[in-house]
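Enquirer: Sharing entry.cif (mmCIF, C-alpha atoms) below.
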```cif
data_my_file
#
loop_
_atom_site.label_atom_id
_atom_site.label_comp_id
_atom_site.auth_asym_id
_atom_site.auth_seq_id
_atom_site.Cartn_x
_atom_site.Cartn_y
_atom_site.Cartn_z
CA MET A 51 254.05 56.03 -1.98
CA ARG A 52 255.16 53.54 0.66
CA ASP A 53 256.57 50.16 -0.34
CA ALA A 54 257.65 47.07 1.59
CA VAL A 55 261.25 45.88 1.33
CA VAL A 56 263.15 43.07 3.01
CA VAL A 57 266.45 44.26 4.46
CA ALA A 58 267.49 41.03 6.20
CA ALA A 59 266.41 37.38 6.04
CA VAL A 60 267.84 34.57 8.16
CA ARG A 61 266.94 31.07 9.19
CA SER A 62 268.05 28.39 11.57
CA PRO A 63 269.49 25.16 10.25
CA ILE A 64 266.64 22.71 9.73
CA GLY A 65 266.83 19.84 12.18
CA LYS A 66 265.56 16.31 11.67
CA ARG A 67 262.86 14.83 13.87
CA ALA A 68 264.49 13.99 17.23
CA GLY A 69 267.67 15.56 15.86
CA ALA A 70 270.06 18.28 16.94
CA LEU A 71 267.39 20.96 17.50
CA SER A 72 264.88 18.75 19.29
CA GLY A 73 266.23 19.76 22.69
CA VAL A 74 265.58 23.47 22.07
CA HIS A 75 262.28 24.97 23.20
CA PRO A 76 260.55 26.54 20.15
CA ALA A 77 260.40 29.94 21.88
CA ASP A 78 264.15 29.78 22.50
CA LEU A 79 264.77 28.67 18.91
CA SER A 80 262.71 31.63 17.71
CA ALA A 81 264.54 34.00 20.04
CA GLN A 82 267.95 32.98 18.72
CA VAL A 83 266.79 33.62 15.15
CA LEU A 84 265.35 37.02 16.15
CA SER A 85 268.62 37.99 17.83
CA ALA A 86 270.61 36.97 14.76
CA LEU A 87 268.28 38.95 12.51
CA ALA A 88 268.80 42.09 14.57
CA GLY A 89 272.55 41.55 14.50
CA ARG A 90 272.63 41.43 10.70
CA VAL A 91 271.70 45.11 10.36
CA SER A 92 272.55 46.44 13.84
CA LEU A 93 268.83 46.82 14.51
CA ASP A 94 267.72 48.44 17.73
CA PRO A 95 264.85 46.08 18.67
CA ALA A 96 262.99 49.02 20.22
CA LEU A 97 262.22 50.11 16.65
CA VAL A 98 260.21 46.96 15.93
CA ASP A 99 256.49 47.73 15.77
CA ASP A 100 255.43 44.08 15.78
CA VAL A 101 256.62 40.50 15.44
CA VAL A 102 254.25 38.55 13.18
CA TRP A 103 255.10 34.87 13.66
CA GLY A 104 253.73 31.75 12.02
CA CYS A 105 253.13 28.54 13.93
CA VAL A 106 250.77 25.67 13.09
CA SER A 107 250.54 23.45 16.16
CA GLN A 108 249.67 26.10 18.72
CA VAL A 109 249.50 23.84 21.74
CA GLY A 110 251.77 23.14 24.71
CA GLU A 111 255.15 24.77 24.19
CA GLN A 112 253.94 26.57 21.08
CA THR A 113 250.87 28.22 22.59
CA PHE A 114 250.40 31.44 24.62
CA ASP A 115 251.24 33.60 21.55
CA ILE A 116 254.74 32.29 20.89
CA ALA A 117 255.55 35.43 18.88
CA ARG A 118 255.39 37.56 22.01
CA THR A 119 257.23 34.96 24.09
CA ALA A 120 259.98 34.77 21.46
CA ALA A 121 260.51 38.54 21.41
CA LEU A 122 260.78 38.66 25.20
CA SER A 123 263.03 35.60 25.21
CA ALA A 124 265.34 37.39 22.78
CA GLY A 125 265.76 40.15 25.35
CA TRP A 126 263.87 42.66 23.23
CA PRO A 127 262.14 45.57 25.02
CA GLU A 128 258.78 44.85 26.60
CA SER A 129 257.32 47.46 24.25
CA VAL A 130 257.72 45.07 21.29
CA PRO A 131 254.45 43.16 20.71
CA GLY A 132 253.95 39.90 18.86
CA THR A 133 251.12 38.01 17.23
CA THR A 134 250.96 34.40 16.05
CA VAL A 135 249.45 33.37 12.71
CA ASP A 136 248.00 30.02 11.64
CA ARG A 137 247.43 29.50 7.93
CA GLN A 138 248.67 25.94 8.24
CA CYS A 139 251.85 25.30 6.23
CA GLY A 140 251.72 28.84 4.84
CA SER A 141 251.62 30.48 8.26
CA SER A 142 254.93 32.33 8.03
CA GLN A 143 254.41 33.21 4.36
CA GLN A 144 251.12 34.78 5.47
CA ALA A 145 253.07 36.53 8.24
CA ILE A 146 255.20 38.13 5.51
CA HIS A 147 252.03 39.26 3.71
CA PHE A 148 250.56 40.77 6.87
CA ALA A 149 253.83 42.52 7.67
CA ALA A 150 254.23 43.93 4.16
CA ALA A 151 250.62 45.13 4.06
CA GLY A 152 251.04 46.81 7.45
CA VAL A 153 254.18 48.61 6.30
CA ILE A 154 252.60 49.79 3.03
CA ALA A 155 249.50 50.99 4.90
CA GLY A 156 251.61 52.90 7.40
CA HIS A 157 250.52 50.81 10.38
CA TYR A 158 254.11 49.66 10.81
CA ASP A 159 257.44 51.26 10.04
CA VAL A 160 259.64 48.32 11.02
CA VAL A 161 258.25 44.82 11.47
CA VAL A 162 259.60 41.27 11.75
CA ALA A 163 257.85 38.41 9.97
CA GLY A 164 258.70 34.75 10.32
CA GLY A 165 257.77 31.58 12.08
CA VAL A 166 258.75 28.42 13.89
CA GLU A 167 257.78 24.79 14.31
CA SER A 168 259.35 22.19 16.56
CA MET A 169 257.76 19.05 15.21
CA SER A 170 259.95 16.93 17.47
CA ARG A 171 258.55 18.53 20.61
CA VAL A 172 255.03 19.33 19.41
CA PRO A 173 254.08 16.56 16.96
CA MET A 174 251.89 17.32 13.97
CA GLY A 175 248.23 17.05 14.91
CA SER A 176 248.82 17.72 18.61
CA ALA A 177 246.40 20.64 18.59
CA VAL A 178 243.50 18.45 17.45
CA GLY A 179 243.46 16.09 20.42
CA ASP A 180 240.49 13.73 20.71
CA ARG A 181 237.88 16.26 19.56
CA SER A 182 237.37 17.00 15.88
CA PRO A 183 237.71 20.61 14.73
CA LEU A 184 235.03 19.88 12.10
CA GLY A 185 231.49 20.82 13.09
CA ASN A 186 228.25 19.39 11.79
CA LEU A 187 227.82 21.89 8.97
CA TYR A 188 231.33 21.26 7.61
CA ALA A 189 230.76 17.51 7.91
CA LYS A 190 227.54 17.75 5.89
CA ARG A 191 229.43 19.47 3.09
CA TYR A 192 232.74 17.58 3.03
CA GLY A 193 232.49 14.63 5.42
CA ASP A 194 233.37 14.29 9.09
CA VAL A 195 236.92 12.93 8.66
CA LEU A 196 239.91 15.26 8.66
CA PRO A 197 241.38 15.39 5.13
CA ASN A 198 244.53 13.34 4.68
CA GLN A 199 247.32 15.17 2.88
CA GLY A 200 249.00 11.96 1.81
CA LEU A 201 245.84 10.81 0.06
CA GLY A 202 245.58 14.25 -1.51
CA ALA A 203 249.11 13.86 -2.85
CA GLU A 204 248.17 10.46 -4.25
CA GLN A 205 245.12 11.96 -5.97
CA ILE A 206 247.24 14.71 -7.53
CA ALA A 207 249.66 12.11 -8.86
CA ARG A 208 246.77 10.25 -10.49
CA GLN A 209 245.14 13.40 -11.87
CA TRP A 210 248.36 14.62 -13.49
CA SER A 211 249.58 11.12 -14.47
CA ILE A 212 252.74 11.37 -12.39
CA ARG A 213 254.50 8.03 -11.98
CA ARG A 214 256.37 6.73 -8.92
CA ALA A 215 259.59 6.93 -10.93
CA ASP A 216 258.94 10.61 -11.63
CA LEU A 217 258.37 11.33 -7.94
CA ASP A 218 261.49 9.49 -6.84
CA ALA A 219 263.59 11.18 -9.53
CA TYR A 220 262.32 14.53 -8.30
CA ALA A 221 263.20 13.63 -4.69
CA GLU A 222 266.69 12.56 -5.74
CA ARG A 223 267.12 15.89 -7.51
CA SER A 224 266.01 17.82 -4.43
CA HIS A 225 268.65 16.15 -2.27
CA HIS A 226 271.38 16.55 -4.86
CA ARG A 227 270.58 20.22 -5.41
CA ALA A 228 270.51 20.93 -1.68
CA ALA A 229 273.77 19.07 -1.13
CA SER A 230 275.44 20.94 -3.98
CA ALA A 231 274.13 24.28 -2.72
CA ALA A 232 275.37 23.60 0.81
CA ALA A 233 278.80 22.48 -0.42
CA GLY A 234 279.05 25.61 -2.56
CA GLY A 235 278.22 27.96 0.32
CA ALA A 236 274.80 29.00 -0.98
CA PHE A 237 273.26 28.72 2.50
CA ASP A 238 276.09 30.33 4.45
CA GLU A 239 274.63 33.85 4.51
CA GLN A 240 271.12 32.75 5.44
CA ILE A 241 271.80 30.16 8.15
CA VAL A 242 272.47 31.34 11.70
CA GLU A 243 274.07 29.16 14.33
CA ILE A 244 271.79 27.75 17.02
CA GLU A 245 273.13 26.96 20.46
CA THR A 246 271.88 23.79 22.12
CA ALA A 247 272.79 22.00 25.33
CA GLU A 248 274.92 19.63 23.25
CA GLY A 249 276.74 22.29 21.20
CA VAL A 250 276.24 24.55 18.20
CA VAL A 251 274.19 23.51 15.16
CA ARG A 252 275.41 25.06 11.93
CA SER A 253 273.93 23.07 9.02
CA ASP A 254 270.77 21.36 7.82
CA GLU A 255 270.44 17.77 8.98
CA GLY A 256 268.08 16.25 6.43
CA VAL A 257 270.08 16.53 3.22
CA ARG A 258 271.31 13.19 1.84
CA PRO A 259 274.00 13.73 -0.81
CA ASP A 260 273.97 10.02 -1.64
CA CYS A 261 270.21 9.84 -2.21
CA SER A 262 269.38 7.67 -5.22
CA ILE A 263 266.33 6.48 -7.09
CA GLU A 264 267.43 2.92 -6.34
CA ALA A 265 267.33 3.59 -2.60
CA LEU A 266 263.96 5.33 -2.80
CA ALA A 267 262.19 2.74 -4.96
CA PRO A 268 261.64 0.04 -2.27
CA LEU A 269 260.08 2.43 0.26
CA ARG A 270 256.49 1.58 1.04
CA THR A 271 253.53 3.81 0.19
CA PRO A 272 251.78 4.25 3.56
CA PHE A 273 248.82 6.29 2.37
CA LEU A 274 247.55 3.94 -0.31
CA ASP A 275 248.26 0.29 -1.14
CA GLY A 276 249.86 0.27 -4.56
CA GLY A 277 250.23 4.05 -4.40
CA VAL A 278 253.14 6.26 -5.37
CA ILE A 279 253.71 8.55 -2.36
CA SER A 280 256.41 7.37 0.05
CA ALA A 281 258.41 8.93 2.86
CA GLY A 282 261.25 9.37 0.39
CA ASN A 283 259.33 11.62 -1.99
CA SER A 284 257.57 13.58 0.75
CA SER A 285 258.72 16.45 2.94
CA GLN A 286 260.57 15.68 6.15
CA ILE A 287 259.29 16.20 9.69
CA SER A 288 261.54 18.95 10.99
CA ASP A 289 262.42 21.63 13.53
CA GLY A 290 263.33 25.16 12.45
CA ALA A 291 262.63 28.88 12.37
CA ALA A 292 263.19 31.81 10.03
CA ALA A 293 262.73 35.59 10.16
CA LEU A 294 262.67 38.59 7.81
CA LEU A 295 263.02 42.29 8.63
CA ILE A 296 260.56 44.37 6.61
CA THR A 297 260.33 48.15 6.29
CA THR A 298 260.00 50.82 3.59
CA SER A 299 262.71 51.94 1.17
CA ASP A 300 262.79 55.40 2.77
CA ILE A 301 263.11 54.08 6.32
CA ALA A 302 265.77 51.60 5.23
CA ARG A 303 267.74 54.43 3.65
CA ALA A 304 267.44 56.53 6.81
CA HIS A 305 268.93 53.69 8.88
CA GLY A 306 271.63 52.79 6.38
CA TRP A 307 270.04 49.43 5.60
CA ARG A 308 270.37 47.97 2.11
CA PRO A 309 267.09 46.54 0.79
CA LEU A 310 267.47 43.08 -0.70
CA VAL A 311 264.09 42.69 -2.39
CA ARG A 312 260.76 44.45 -2.60
CA VAL A 313 257.48 42.64 -1.95
CA HIS A 314 256.01 43.03 -5.43
CA THR A 315 252.77 41.02 -5.17
CA ALA A 316 251.13 38.99 -2.41
CA VAL A 317 247.98 36.89 -2.79
CA VAL A 318 246.12 34.03 -1.14
CA VAL A 319 243.48 31.66 -2.51
CA GLY A 320 241.20 28.90 -1.34
CA SER A 321 241.09 25.52 -3.08
CA GLU A 322 239.35 22.15 -2.74
CA PRO A 323 239.79 21.21 0.95
CA ASN A 324 239.93 17.42 0.72
CA ILE A 325 242.67 17.21 -1.92
CA MET A 326 244.04 20.31 -0.19
CA LEU A 327 247.32 20.51 -2.13
CA THR A 328 246.35 22.01 -5.50
CA GLY A 329 246.23 25.60 -4.25
CA PRO A 330 249.65 26.68 -5.63
CA ILE A 331 248.28 26.41 -9.17
CA PRO A 332 245.44 28.99 -8.81
CA ALA A 333 247.56 31.05 -6.40
CA THR A 334 250.23 31.43 -9.07
CA ALA A 335 247.59 32.39 -11.64
CA LYS A 336 246.21 35.04 -9.28
CA ALA A 337 249.67 36.43 -8.53
CA LEU A 338 250.53 36.68 -12.23
CA ALA A 339 247.22 38.36 -13.02
CA LYS A 340 247.52 40.85 -10.19
CA SER A 341 251.16 41.66 -10.97
CA GLY A 342 250.75 41.89 -14.74
CA LEU A 343 253.74 39.58 -15.16
CA THR A 344 254.11 36.46 -17.25
CA ILE A 345 255.70 33.24 -16.10
CA ASP A 346 258.65 33.96 -18.40
CA GLU A 347 259.46 37.17 -16.50
CA ILE A 348 260.16 35.26 -13.29
CA GLY A 349 263.61 33.77 -12.89
CA ALA A 350 263.22 31.51 -9.86
CA PHE A 351 260.31 29.57 -8.37
CA GLU A 352 259.92 28.02 -4.94
CA VAL A 353 256.97 25.63 -4.83
CA ASN A 354 256.96 23.92 -1.46
CA GLU A 355 257.82 20.25 -1.70
CA ALA A 356 255.16 19.02 0.71
CA PHE A 357 255.06 15.99 -1.59
CA ALA A 358 256.88 15.65 -4.90
CA SER A 359 253.55 15.50 -6.74
CA VAL A 360 252.78 19.11 -5.74
CA PRO A 361 255.63 20.90 -7.59
CA LEU A 362 255.44 18.40 -10.46
CA ALA A 363 251.73 19.11 -11.02
CA TRP A 364 252.44 22.84 -10.75
CA GLN A 365 255.22 22.54 -13.31
CA ALA A 366 252.97 20.61 -15.66
CA GLU A 367 250.53 23.53 -15.58
CA TYR A 368 253.08 26.34 -16.03
CA ASN A 369 255.91 24.68 -17.95
CA ALA A 370 258.47 26.60 -15.91
CA PRO A 371 262.10 25.70 -16.60
CA GLU A 372 263.20 22.72 -14.52
CA SER A 373 266.40 24.55 -13.58
CA ALA A 374 264.42 27.44 -12.07
CA LEU A 375 262.07 25.30 -9.94
CA ASN A 376 263.37 24.84 -6.39
CA PRO A 377 266.91 25.44 -7.68
CA VAL A 378 268.66 24.67 -4.36
CA GLY A 379 266.42 21.85 -3.25
CA GLY A 380 263.30 22.01 -1.14
CA ALA A 381 261.43 20.47 1.76
CA ILE A 382 262.07 16.90 0.62
CA ALA A 383 265.77 17.47 1.31
CA LEU A 384 265.87 20.45 3.65
CA GLY A 385 262.79 19.66 5.73
CA HIS A 386 259.40 21.24 6.40
CA PRO A 387 259.04 22.81 9.88
CA LEU A 388 255.41 23.71 9.22
CA GLY A 389 254.97 27.17 10.71
CA GLY A 390 258.49 28.23 9.78
CA SER A 391 258.55 26.94 6.22
CA GLY A 392 257.08 29.97 4.44
CA ALA A 393 259.73 32.24 5.92
CA ARG A 394 262.43 29.62 5.31
CA ILE A 395 261.46 29.41 1.66
CA ALA A 396 261.37 33.20 1.36
CA THR A 397 264.81 33.46 2.95
CA THR A 398 266.24 30.87 0.58
CA LEU A 399 264.60 32.46 -2.47
CA ILE A 400 265.71 35.99 -1.57
CA HIS A 401 269.33 34.99 -1.05
CA HIS A 402 269.28 33.00 -4.30
CA MET A 403 267.95 36.06 -6.14
CA VAL A 404 270.60 38.32 -4.65
CA ASP A 405 273.43 35.85 -5.31
CA HIS A 406 272.47 35.37 -8.95
CA GLY A 407 271.03 38.76 -9.88
CA ILE A 408 267.55 37.31 -10.50
CA ARG A 409 265.12 40.19 -10.93
CA LYS A 410 261.92 38.45 -9.86
CA GLY A 411 261.14 35.31 -7.88
CA LEU A 412 257.89 33.61 -6.90
CA GLN A 413 257.12 31.35 -3.96
CA THR A 414 253.94 29.43 -3.29
CA MET A 415 252.88 26.60 -1.02
CA CYS A 416 249.88 24.37 -0.41
CA GLU A 417 248.16 24.69 2.95
CA GLY A 418 245.85 22.63 5.13
CA GLY A 419 242.15 23.16 4.53
CA GLY A 420 242.74 23.86 0.85
CA GLN A 421 244.53 27.20 0.58
CA ALA A 422 247.73 28.64 -0.87
CA ASN A 423 249.74 31.83 -0.67
CA ALA A 424 251.83 33.17 -3.52
CA THR A 425 254.43 35.94 -3.21
CA ILE A 426 256.45 37.68 -5.89
CA PHE A 427 259.67 39.37 -4.81
CA GLU A 428 261.50 41.95 -6.91
CA LEU A 429 265.26 42.41 -6.61
CA VAL A 430 266.30 45.89 -5.48
CA PRO A 431 269.37 46.99 -7.49
#
```
Could you write out this file's structure as structure tokens?

Expert:
Amino acid sequence: MRDAVVVAAVRSPIGKRAGALSGVHPADLSAQVLSALAGRVSLDPALVDDVVWGCVSQVGEQTFDIARTAALSAGWPESVPGTTVDRQCGSSQQAIHFAAAGVIAGHYDVVVAGGVESMSRVPMGSAVGDRSPLGNLYAKRYGDVLPNQGLGAEQIARQWSIRRADLDAYAERSHHRAASAAAGGAFDEQIVEIETAEGVVRSDEGVRPDCSIEALAPLRTPFLDGGVISAGNSSQISDGAAALLITTSDIARAHGWRPLVRVHTAVVVGSEPNIMLTGPIPATAKALAKSGLTIDEIGAFEVNEAFASVPLAWQAEYNAPESALNPVGGAIALGHPLGGSGARIATTLIHHMVDHGIRKGLQTMCEGGGQANATIFELVP
């Protein structure tokens, strides 16, 4: 029986908006990550059956099937195809699911999954333009205004009785955990250097080691007067890319590649589209039911920090240990390059599992339109 294993997982540093990576075309950023991935296991790119690449704002520099452009930009053979996926913030996590399913089915033997977003160069919402993507039938059911994620985060905070102080304390923790992880070398194996016109970028730009609740408290709440969601307890606008090499255990063995983890379970759900951010809760339930596992059998959880209220509501439902939830920080500190975040989170989770001998890890993230993916990885001894 065929399985799907990850034999390499890398990511770029995550750049701040208008930061060190903003001068790099997203196809070139993707290409550098693809080249680094191949270098990790001495991969002959001619073996790659497909590049499945997530990207949310597929307009301008990120259109024309950026997956294919990235593979060609990396110097890979013209025989290597690529396809670009949009499941909003979960685009590159969905790319992992598609890649794993293709390997298990025998459609692929060796496939790359990942994604990119340059939010500096292609701002969020660019693809919408001045014409609404919502037709009359959708508008009759849900209204004719695009759902606002910030208001959704505010509604979650109210529904789960999460205070502003709780959100800011969570944000402070995210920065401190990320800073500690970086200082301790936890990201060294996963981050690849990115060359820019100004020099080489080697580390994440958004982490603030000196972040404090006192500094976060005065920040305004732009989505709702008297609300609780601020820029400080929300994910950062970022640039970045990440990639995973996926194959079967038998093919990995034949090439001398050491599997890191096996894709144990992969699911996706729909959720209420206006709140939009509650999906990780039913996605986790579906993943646990399908896998036959309990929450106590999972040693690390990555719940994307789109807003601090999202992982806090998830934790309230599952009572997962605080120490196991986003243990090295998340998007509040590291950043959230939309189409690349699912693969970034997977890369971070996989390396954390390997470094600490954690047998099973789960990642999940909320997605625009009211959806969520959940993935369970199993450590390969």

Enquirer: Specify as a PyMOL selection string each residue included when the PyMOL selection byres ((chain A and resi 232) around 12) is applied to this file.

Expert: chain A and resi 63+225-231+233-241+252-259+378-379+383-384+398

Enquirer: Quick one, how far is atom CA of A:Gly152 from atom CA of A:Ala54?

Expert: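 Spanning atom CA of A:Gly152 to atom CA of A:Ala54 is a straight-line distance of 8.8 Å.
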
Enquirer: Decode the PyMOL selection byres ((chain A and resi 396) around 12) for the given file into explicit residues and return them as a PyMOL selection string.

Expert: chain A and resi 56+58-61+140+142-147+163-165+240+291-295+310-313+350-354+376+380+390-395+397-403+411-415+423-427

Enquirer: Of the candidates A:Ala155, A:Leu388, A:Val160, A:Ala189, which one gets nearest to A:Pro323 if we count all atoms listed in the file?

Expert: A:Ala189

Enquirer: Write out as a PyMOL selection string the residues lying within 10 Å of A:Ala121, counting all atoms listed in the file and excluding same-chain residues fewer than 2 positions away.

Expert: chain A and resi 77-78+80-82+84-85+95+100-101+116-119+123-132

Enquirer: Put those residues in a file: C-alpha atoms, as a JSON list (two decimals), in the frame of the given file.

Expert:
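Dumped to part_4.json:
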```
[["chain", "number", "residue", "atom", "x", "y", "z"],
["A", 77, "ALA", "CA", 260.40, 29.94, 21.88],
["A", 78, "ASP", "CA", 264.15, 29.78, 22.50],
["A", 80, "SER", "CA", 262.71, 31.63, 17.71],
["A", 81, "ALA", "CA", 264.54, 34.00, 20.04],
["A", 82, "GLN", "CA", 267.95, 32.98, 18.72],
["A", 84, "LEU", "CA", 265.35, 37.02, 16.15],
["A", 85, "SER", "CA", 268.62, 37.99, 17.83],
["A", 95, "PRO", "CA", 264.85, 46.08, 18.67],
["A", 100, "ASP", "CA", 255.43, 44.08, 15.78],
["A", 101, "VAL", "CA", 256.62, 40.50, 15.44],
["A", 116, "ILE", "CA", 254.74, 32.29, 20.89],
["A", 117, "ALA", "CA", 255.55, 35.43, 18.88],
["A", 118, "ARG", "CA", 255.39, 37.56, 22.01],
["A", 119, "THR", "CA", 257.23, 34.96, 24.09],
["A", 123, "SER", "CA", 263.03, 35.60, 25.21],
["A", 124, "ALA", "CA", 265.34, 37.39, 22.78],
["A", 125, "GLY", "CA", 265.76, 40.15, 25.35],
["A", 126, "TRP", "CA", 263.87, 42.66, 23.23],
["A", 127, "PRO", "CA", 262.14, 45.57, 25.02],
["A", 128, "GLU", "CA", 258.78, 44.85, 26.60],
["A", 129, "SER", "CA", 257.32, 47.46, 24.25],
["A", 130, "VAL", "CA", 257.72, 45.07, 21.29],
["A", 131, "PRO", "CA", 254.45, 43.16, 20.71],
["A", 132, "GLY", "CA", 253.95, 39.90, 18.86]]
```

Enquirer: Rounded to one decimal in Å, what is the spacing between atom CA of A:Ala358 and atom CA of A:Pro371?

Expert: 16.3 Å

Enquirer: Starting from the shown file, work through the PyMOL selection byres ((chain A and resi 106) around 8) and note down what comes out as number ranges by chain.

Expert: A: 104-105, 107-108, 135-139, 141, 167, 388-389

Enquirer: List as an MDAnalysis selection string: which residues have an atom within 9 Å of (274.8, 20.6, 21.0), counting all atoms listed in the file?

Expert: chainID A and resid 70:71 73 244:251

Enquirer: From the list A:Ser224, A:Ser285, A:Ser341, A:Thr297, which residue is nearest A:Leu375 when using only C-alpha atoms?

Expert: A:Ser224

Enquirer: List as a list in words the protein and nucleic acid residues near A:Asp53, meaning an atom at most 10 Å away when only C-alpha atoms are counted, but skip any in the same chain fewer than 5 places from it.

Expert: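 My list of contacting residues is Ala150, Ala151, Val153, Ile154, Ala155, Gly156, Ile296, Thr297, Thr298, Ser299, Asp300, Arg312, Val313 and His314 of chain A.
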
Enquirer: If I take atom CA of A:Ile331 and atom CA of A:Asp275, how far is one from the other in Å, to one decimal?

Expert: 27.3 Å

Enquirer: For A:Ser284, which residue among A:Val57, A:Val360, A:Ile301, A:Met169 is the nearest when counting only C-alpha atoms?

Expert: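 Among A:Val57, A:Val360, A:Ile301, A:Met169, it is A:Val360 that comes nearest to A:Ser284.
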